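Enquirer: Contents of model-v8.txt (compact mmCIF, C-alpha atoms and all ligand atoms):
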# COMPACT_ATOMS: atom_id res chain seq x y z
CA ASP N 82 -72.51 21.03 58.41
CA ILE N 83 -72.42 19.90 62.07
CA LYS N 84 -70.11 22.36 63.79
CA LYS N 85 -69.46 20.39 66.96
CA VAL N 86 -69.77 16.71 67.91
CA PRO N 87 -69.75 15.20 71.43
CA SER N 88 -67.15 12.45 70.70
CA LEU N 89 -64.54 13.60 73.25
CA ARG N 90 -66.83 15.10 75.90
CA GLY N 91 -65.20 14.83 79.33
CA LYS N 92 -61.66 14.45 77.94
CA VAL N 93 -59.02 16.98 78.95
CA ILE N 94 -56.38 18.02 76.43
CA LEU N 95 -53.36 20.13 77.39
CA THR N 96 -51.22 22.09 74.96
CA LEU N 97 -47.69 22.87 76.17
CA PHE N 98 -45.98 25.08 73.60
CA ASN N 99 -42.48 26.13 74.63
CA GLU N 100 -41.92 27.65 71.20
CA ALA N 101 -44.03 30.07 69.14
CA SER N 102 -46.84 28.71 66.98
CA THR N 103 -49.95 30.03 65.29
CA ARG N 104 -51.47 27.34 63.09
CA THR N 105 -50.42 24.16 64.94
CA ARG N 106 -51.49 25.33 68.40
CA VAL N 107 -54.73 26.95 67.29
CA SER N 108 -55.70 24.06 65.02
CA PHE N 109 -55.10 21.50 67.79
CA GLU N 110 -57.23 23.61 70.12
CA GLN N 111 -59.94 23.99 67.50
CA ALA N 112 -59.83 20.26 66.67
CA ALA N 113 -60.22 19.34 70.35
CA LYS N 114 -63.07 21.82 70.88
CA LEU N 115 -64.95 20.66 67.77
CA LEU N 116 -64.89 17.20 69.37
CA SER N 117 -66.16 18.71 72.69
CA ALA N 118 -62.96 18.08 74.68
CA ASP N 119 -61.85 20.60 77.32
CA VAL N 120 -58.61 22.35 76.37
CA ILE N 121 -56.06 24.00 78.65
CA ASN N 122 -53.21 25.98 77.05
CA ILE N 123 -49.89 26.30 78.87
CA THR N 124 -47.21 28.74 77.73
CA PRO N 125 -43.65 29.12 79.05
CA THR N 126 -44.45 32.47 80.68
CA SER N 127 -47.57 31.11 82.39
CA SER N 128 -45.92 27.97 83.80
CA SER N 129 -43.53 27.29 86.67
CA ALA N 130 -40.82 26.55 84.11
CA GLU N 131 -40.26 30.32 84.58
CA LYS N 132 -39.20 29.52 88.17
CA GLY N 133 -36.83 26.77 87.07
CA GLU N 134 -39.11 23.70 87.14
CA SER N 135 -37.72 20.93 84.93
CA LEU N 136 -39.60 19.55 81.94
CA LEU N 137 -39.89 16.18 83.72
CA ASN N 138 -41.46 17.72 86.83
CA THR N 139 -43.74 19.86 84.67
CA VAL N 140 -45.15 16.89 82.74
CA LEU N 141 -45.45 14.69 85.87
CA THR N 142 -47.39 17.53 87.55
CA LEU N 143 -49.74 17.79 84.56
CA GLN N 144 -50.27 14.02 84.53
CA ALA N 145 -51.15 14.10 88.24
CA MET N 146 -54.20 16.21 87.31
CA HIS N 147 -55.51 13.33 85.17
CA ALA N 148 -55.44 15.10 81.82
CA ASP N 149 -55.82 12.70 78.89
CA VAL N 150 -53.46 14.11 76.24
CA LEU N 151 -50.45 16.41 76.28
CA ILE N 152 -49.72 18.15 72.97
CA MET N 153 -46.13 19.39 73.07
CA ARG N 154 -43.98 21.73 71.05
CA ASP N 155 -40.45 22.27 72.29
CA PRO N 156 -37.23 23.80 70.91
CA SER N 157 -35.26 20.70 71.99
CA SER N 158 -35.31 17.73 69.63
CA GLY N 159 -36.59 14.65 71.46
CA SER N 160 -38.50 16.40 74.27
CA PRO N 161 -41.93 14.83 73.51
CA TYR N 162 -40.31 11.37 73.37
CA PHE N 163 -38.60 12.02 76.73
CA ALA N 164 -41.96 13.07 78.19
CA ALA N 165 -43.74 10.03 76.73
CA ARG N 166 -41.16 7.67 78.27
CA HIS N 167 -41.91 9.05 81.73
CA LEU N 168 -45.70 9.29 81.50
CA THR N 169 -47.90 6.27 82.08
CA ASN N 170 -51.42 7.73 82.13
CA MET N 171 -51.27 10.64 79.69
CA LYS N 172 -50.75 10.36 75.93
CA VAL N 173 -48.23 12.66 74.25
CA VAL N 174 -48.50 14.20 70.79
CA ASN N 175 -45.46 15.78 69.14
CA ALA N 176 -46.42 19.19 67.74
CA GLY N 177 -42.87 19.90 66.57
CA ASP N 178 -39.59 19.22 68.42
CA GLY N 179 -36.49 21.23 67.55
CA GLN N 180 -35.31 20.36 64.07
CA HIS N 181 -36.30 16.72 64.48
CA ALA N 182 -39.95 16.07 63.54
CA HIS N 183 -43.39 17.58 62.98
CA PRO N 184 -45.53 14.50 62.36
CA THR N 185 -48.97 16.14 62.15
CA GLN N 186 -47.69 18.64 59.57
CA ALA N 187 -46.59 15.70 57.40
CA LEU N 188 -49.99 14.04 57.85
CA LEU N 189 -51.86 17.17 56.78
CA ASP N 190 -49.48 17.71 53.85
CA ALA N 191 -49.98 14.11 52.68
CA PHE N 192 -53.76 14.52 53.07
CA THR N 193 -53.73 17.77 51.05
CA ILE N 194 -51.71 16.20 48.22
CA LYS N 195 -53.86 13.05 48.18
CA ARG N 196 -57.05 15.10 47.86
CA HIS N 197 -55.71 16.68 44.68
CA LEU N 198 -53.72 13.86 43.08
CA GLY N 199 -55.77 10.90 44.28
CA SER N 200 -52.59 8.98 45.09
CA LEU N 201 -49.01 9.87 45.95
CA GLN N 202 -47.64 6.87 44.07
CA GLY N 203 -44.99 8.12 41.63
CA ALA N 204 -45.75 11.82 42.28
CA LYS N 205 -42.70 14.07 42.05
CA ILE N 206 -42.55 16.18 45.21
CA VAL N 207 -39.80 18.80 45.43
CA ILE N 208 -38.92 20.14 48.88
CA VAL N 209 -36.98 23.40 48.61
CA GLY N 210 -34.76 25.43 50.90
CA ASP N 211 -33.56 25.12 54.49
CA ILE N 212 -33.88 21.36 54.86
CA LEU N 213 -31.17 21.13 57.53
CA HIS N 214 -33.20 23.00 60.17
CA SER N 215 -36.64 21.80 59.06
CA ARG N 216 -38.56 19.31 61.18
CA VAL N 217 -41.31 19.61 58.55
CA ALA N 218 -38.91 18.38 55.85
CA ARG N 219 -37.75 15.43 57.97
CA SER N 220 -41.30 14.26 58.68
CA ASN N 221 -42.39 14.85 55.09
CA ILE N 222 -39.43 12.99 53.61
CA TRP N 223 -40.43 9.80 55.41
CA ALA N 224 -44.21 10.23 55.15
CA LEU N 225 -44.40 11.15 51.47
CA SER N 226 -41.79 8.66 50.27
CA SER N 227 -43.44 5.88 52.33
CA LEU N 228 -46.66 6.66 50.44
CA GLY N 229 -44.85 6.10 47.15
CA ALA N 230 -43.85 9.64 46.16
CA ARG N 231 -40.54 10.53 44.52
CA VAL N 232 -39.11 13.08 46.95
CA VAL N 233 -36.47 15.51 45.66
CA LEU N 234 -34.67 17.69 48.20
CA VAL N 235 -33.10 20.84 46.83
CA GLY N 236 -31.27 23.60 48.66
CA PRO N 237 -27.86 25.10 49.34
CA PRO N 238 -25.32 22.36 50.29
CA THR N 239 -24.82 24.08 53.66
CA LEU N 240 -28.53 23.64 54.44
CA LEU N 241 -28.77 19.96 53.51
CA PRO N 242 -28.50 17.53 56.44
CA LYS N 243 -25.27 15.54 56.44
CA GLU N 244 -27.14 12.34 57.32
CA LEU N 245 -28.94 12.58 53.97
CA LEU N 246 -25.82 13.06 51.87
CA PRO N 247 -25.17 9.29 51.46
CA ILE N 248 -28.51 9.14 49.64
CA GLN N 249 -27.11 11.55 47.08
CA SER N 250 -23.90 9.61 46.48
CA GLN N 251 -25.71 6.29 46.20
CA ASN N 252 -28.20 7.69 43.72
CA ARG N 253 -25.38 9.06 41.62
CA ASP N 254 -23.98 5.50 41.43
CA GLY N 255 -27.32 4.40 40.06
CA SER N 256 -28.08 2.24 43.09
CA ASN N 257 -31.00 2.54 45.48
CA ASN N 258 -30.71 4.25 48.83
CA PRO N 259 -30.67 1.85 51.79
CA SER N 260 -34.37 2.15 52.60
CA ASP N 261 -35.56 1.65 49.01
CA LEU N 262 -37.50 4.89 49.32
CA ASP N 263 -37.26 7.26 46.35
CA ILE N 264 -35.39 10.22 47.86
CA SER N 265 -32.80 12.23 45.96
CA ILE N 266 -30.86 15.43 46.49
CA GLU N 267 -30.24 18.27 44.02
CA THR N 268 -28.55 21.63 44.32
CA ASP N 269 -30.01 23.28 41.19
CA LEU N 270 -33.59 24.42 41.75
CA ASP N 271 -34.32 25.16 38.07
CA TYR N 272 -33.39 21.56 37.21
CA ALA N 273 -35.08 19.95 40.21
CA ILE N 274 -38.42 21.69 39.73
CA LYS N 275 -38.97 20.34 36.18
CA ASP N 276 -42.21 18.34 35.90
CA ALA N 277 -42.89 18.53 39.65
CA ASP N 278 -46.40 17.60 40.78
CA VAL N 279 -45.89 19.34 44.11
CA VAL N 280 -43.44 21.99 45.32
CA ILE N 281 -43.05 22.47 49.06
CA ALA N 282 -41.16 25.64 49.96
CA LEU N 283 -39.64 25.76 53.44
CA ARG N 284 -39.13 28.70 55.75
CA LEU N 285 -35.53 29.90 56.08
CA GLN N 286 -35.10 29.28 59.81
CA LYS N 287 -32.91 32.21 60.77
CA GLU N 288 -33.46 31.50 64.50
CA ARG N 289 -31.80 28.07 64.24
CA GLN N 290 -28.95 29.06 61.90
CA GLN N 291 -25.32 29.54 62.69
CA LYS N 292 -23.59 32.44 61.00
CA GLY N 293 -22.15 31.85 57.53
CA MET N 294 -24.53 29.14 56.31
CA ILE N 295 -25.69 31.34 53.44
CA PRO N 296 -23.62 34.10 51.78
CA SER N 297 -26.42 36.68 52.16
CA LEU N 298 -30.20 36.90 52.13
CA ARG N 299 -30.02 38.47 48.68
CA GLU N 300 -27.98 35.57 47.30
CA TYR N 301 -30.32 33.05 48.96
CA THR N 302 -33.34 34.70 47.40
CA ARG N 303 -31.69 34.81 43.97
CA ARG N 304 -31.13 31.04 43.97
CA TRP N 305 -33.97 29.61 46.07
CA LEU N 306 -36.99 31.90 45.86
CA ILE N 307 -39.97 30.20 44.15
CA THR N 308 -40.97 32.61 41.38
CA ASP N 309 -43.50 32.44 38.54
CA SER N 310 -40.80 31.65 35.99
CA ARG N 311 -39.36 28.83 38.11
CA LEU N 312 -42.78 27.35 38.89
CA SER N 313 -43.68 27.39 35.18
CA LYS N 314 -41.16 24.53 34.71
CA ALA N 315 -43.26 22.30 36.97
CA LYS N 316 -46.41 20.51 35.78
CA ALA N 317 -49.30 22.77 34.72
CA HIS N 318 -51.43 21.93 37.77
CA VAL N 319 -48.57 21.94 40.27
CA LEU N 320 -49.55 22.25 43.94
CA LEU N 321 -47.51 24.94 45.67
CA MET N 322 -47.29 24.30 49.39
CA HIS N 323 -45.59 25.86 52.42
CA PRO N 324 -46.01 24.80 56.06
CA GLY N 325 -45.93 28.43 57.23
CA PRO N 326 -45.13 30.84 58.64
CA LEU N 327 -44.15 32.40 55.31
CA ASN N 328 -41.25 34.74 54.62
CA GLU N 329 -42.75 36.19 51.46
CA GLY N 330 -40.10 37.36 49.01
CA ILE N 331 -37.46 35.06 50.54
CA GLU N 332 -38.75 31.51 49.94
CA ILE N 333 -41.91 32.19 47.98
CA SER N 334 -43.00 35.26 46.01
CA SER N 335 -46.05 37.11 47.36
CA SER N 336 -47.97 36.69 44.11
CA LEU N 337 -47.46 32.90 44.21
CA ALA N 338 -48.20 32.63 47.93
CA HIS N 339 -51.67 34.05 47.29
CA GLY N 340 -52.06 32.82 43.71
CA LEU N 341 -53.99 30.01 42.04
CA SER N 342 -51.34 27.31 42.58
CA SER N 343 -51.05 28.04 46.29
CA ARG N 344 -52.45 25.44 48.70
CA VAL N 345 -51.16 27.23 51.79
CA GLU N 346 -54.53 28.11 53.31
CA GLU N 347 -55.97 24.74 52.32
CA GLN N 348 -53.12 23.10 54.27
CA VAL N 349 -54.19 25.06 57.35
CA THR N 350 -57.85 24.07 56.90
CA ASN N 351 -56.92 20.42 56.45
CA GLY N 352 -54.77 20.62 59.58
CA VAL N 353 -57.89 20.92 61.73
CA ALA N 354 -59.51 17.82 60.18
CA VAL N 355 -56.33 15.75 60.41
CA ARG N 356 -55.80 16.73 64.05
CA MET N 357 -59.44 15.94 64.84
CA ALA N 358 -58.91 12.47 63.37
CA LEU N 359 -55.70 12.01 65.35
CA LEU N 360 -57.26 13.03 68.69
CA TYR N 361 -60.31 10.89 68.02
CA LEU N 362 -58.25 7.80 67.24
CA LEU N 363 -55.89 8.42 70.14
CA LEU N 364 -58.66 8.77 72.71
CA THR N 365 -61.25 6.31 71.47
CA GLY N 366 -59.15 3.78 69.55
CA VAL N 367 -62.07 3.52 67.15
CA PRO N 368 -61.20 3.62 63.43
CA ILE N 369 -63.10 6.40 61.66
N1 LIG N 401 -46.46 24.87 60.30
C1 LIG N 401 -46.30 25.25 61.58
O1 LIG N 401 -45.83 24.48 62.41
O2 LIG N 401 -46.69 26.53 61.85
P1 LIG N 401 -46.76 27.17 63.29
O3 LIG N 401 -45.34 27.36 63.78
O4 LIG N 401 -47.49 28.49 63.12
O5 LIG N 401 -47.49 26.23 64.19
Represent the supplied structure as structure tokens.
Ligand code: CP
Expert:
Amino acid sequence: DIKKVPSLRGKVILTLFNEASTRTRVSFEQAAKLLSADVINITPTSSSAEKGESLLNTVLTLQAMHADVLIMRDPSSGSPYFAARHLTNMKVVNAGDGQHAHPTQALLDAFTIKRHLGSLQGAKIVIVGDILHSRVARSNIWALSSLGARVVLVGPPTLLPKELLPIQSQNRDGSNNPSDLDISIETDLDYAIKDADVVIALRLQKERQQKGMIPSLREYTRRWLITDSRLSKAKAHVLLMHPGPLNEGIEISSSLAHGLSSRVEEQVTNGVAVRMALLYLLLTGVPI
């Protein structure tokens, strides 16, 4: 009921998004403002990166203005970690780096699932589609399996990351994967989706793809689109999730995206709360 609290009054939060974003950038800004922090948004076209300034000089310049937190999205994997290594007085939050990680998306996904299922222990969570290029998938694999979920990755073999393929061969032998986390790989969606508690559809990341990774969009849709008939093989109260932005009709049918099973908008709503919690903990160190 209380729209705004004074917890972070006087704190300055910068967002540096060198790649497009709607929900992550806006929800971080909203989260910060609901906690009364001041927010400054920096975009590639509004910064001196346009004139050739390096990322290192950009972040050192921002730190020199005594901002408290830098929230970064960047097309290069590892950029926020590089920035964090060189900054001593400003905290860095990764809002998505290349195809490496999107930690706050995984936190909000875990939170959304937990609210519905109570616990992730033993839940079957099927992640579908372009796993190779998905930082959301990478962060979710580790977050959800660490919380006890059985994570099943399913997609075309060309869009499965090579580093995950040993998991598949070890599971076929009947042995555990090295980390003891319950992660498996399938290439048949109709089989993988059976009895799923949660289905997470991923965006087909055409901007990060090399040519020839899928035969055609039509063929991709035929095998990997989440449709009513496919989803009916999952559990009756399956949660259908997608990190967004959606390519309706390619990964997820329009009727499902806006249907009763869809948790897509709820994920966005929860993203604000999760990012509020993160900023609060980061800047006050006080457990909520
Ligand atoms: N899920 C996600 O990262 O969406 P945006 O690219 O809109 O931030």
Enquirer: Please identify all polymer residues within 12 Å of Ala165 (chain N), counting all atoms listed in the file, omitting same-chain residues fewer than 3 positions from it, and present them as a ChimeraX atom specification.
Expert: /N:136-137,140-141,144,150-153,159-162,168-175
Enquirer: Which residues are close to Glu329 (chain N), i.e. within 12 Å by all atoms listed in the file, leaving aside same-chain residues fewer than 4 positions away? Reply as a list in words.
Expert: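 Close residues of Glu329 (chain N): Ala282, Leu283, Arg284, Leu285, Thr302, Leu306, Ile307, Thr308, His323, Gly325, Ile333, Ser334, Ser335, Ser336, Leu337, Ala338 and His339 of chain N.
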Enquirer: So which residues are near ligand LIG 401 (chain N), meaning at most 7 Å away with all atoms listed in the file counted, given back as a PyMOL selection string?
Expert: chain N and resi 101-106+177+186+324-326
Enquirer: Using all atoms listed in the file, can you tell me which of N:Thr365, N:Leu360, N:Pro242, N:Gly330 comes closest to Glu110 (chain N)?
Expert: N:Leu360
Enquirer: Neighbouring residues of Arg356 (chain N) were defined as those with any atom within 12 Å, considering only C-alpha atoms; residues of the same chain fewer than 6 positions away were excluded. Please report them as a list in words.
Expert: Arg104, Thr105, Arg106, Val107, Ser108, Phe109, Glu110, Gln111, Ala112, Ala113, Lys114, Leu115, Leu116, Ile152, Val174, Asn175, Ala176, Pro184, Thr185, Gln186, Ala187, Leu188, Leu189, Phe192, Gln348, Val349, Thr350, Leu362 and Leu363 of chain N
Enquirer: What gap, in Å, lies between CA of Leu143 (chain N) and CA of Asn351 (chain N)?
Expert: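 Distance between the two atoms: 29.1 Å.
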Enquirer: Can you list, as a PyMOL selection string, every protein, DNA or RNA residue that comes within 12 Å of Pro156 (chain N) when you count all atoms listed in the file, leaving out same-chain residues fewer than 6 positions away?
Expert: chain N and resi 97-102+125+175-183+214+216+288-289
Enquirer: Could you jot down the CA of Val86 (chain N) to CA of Asn122 (chain N) separation for me, Å, one decimal place?
Expert: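 For CA of Val86 (chain N) relative to CA of Asn122 (chain N), the distance reads 21.1 Å.
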Enquirer: With all atoms listed in the file as the atoms that count, which of N:Leu262, N:Leu321, N:Leu95, N:Ile331 lies nearest to Ile121 (chain N)?
Expert: N:Leu95
Enquirer: Between CA of Ser343 (chain N) and CA of Leu320 (chain N), measure the distance and give it in Å to one decimal.
Expert: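 Separation of CA of Ser343 (chain N) and CA of Leu320 (chain N): 6.4 Å.
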Enquirer: Rank nothing, just name the residue among N:Val280, N:Leu364, N:Leu213, N:Leu89 nearest to Ala118 (chain N), using all atoms listed in the file.
Expert: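 For Ala118 (chain N), the nearest of the given residues is N:Leu89.
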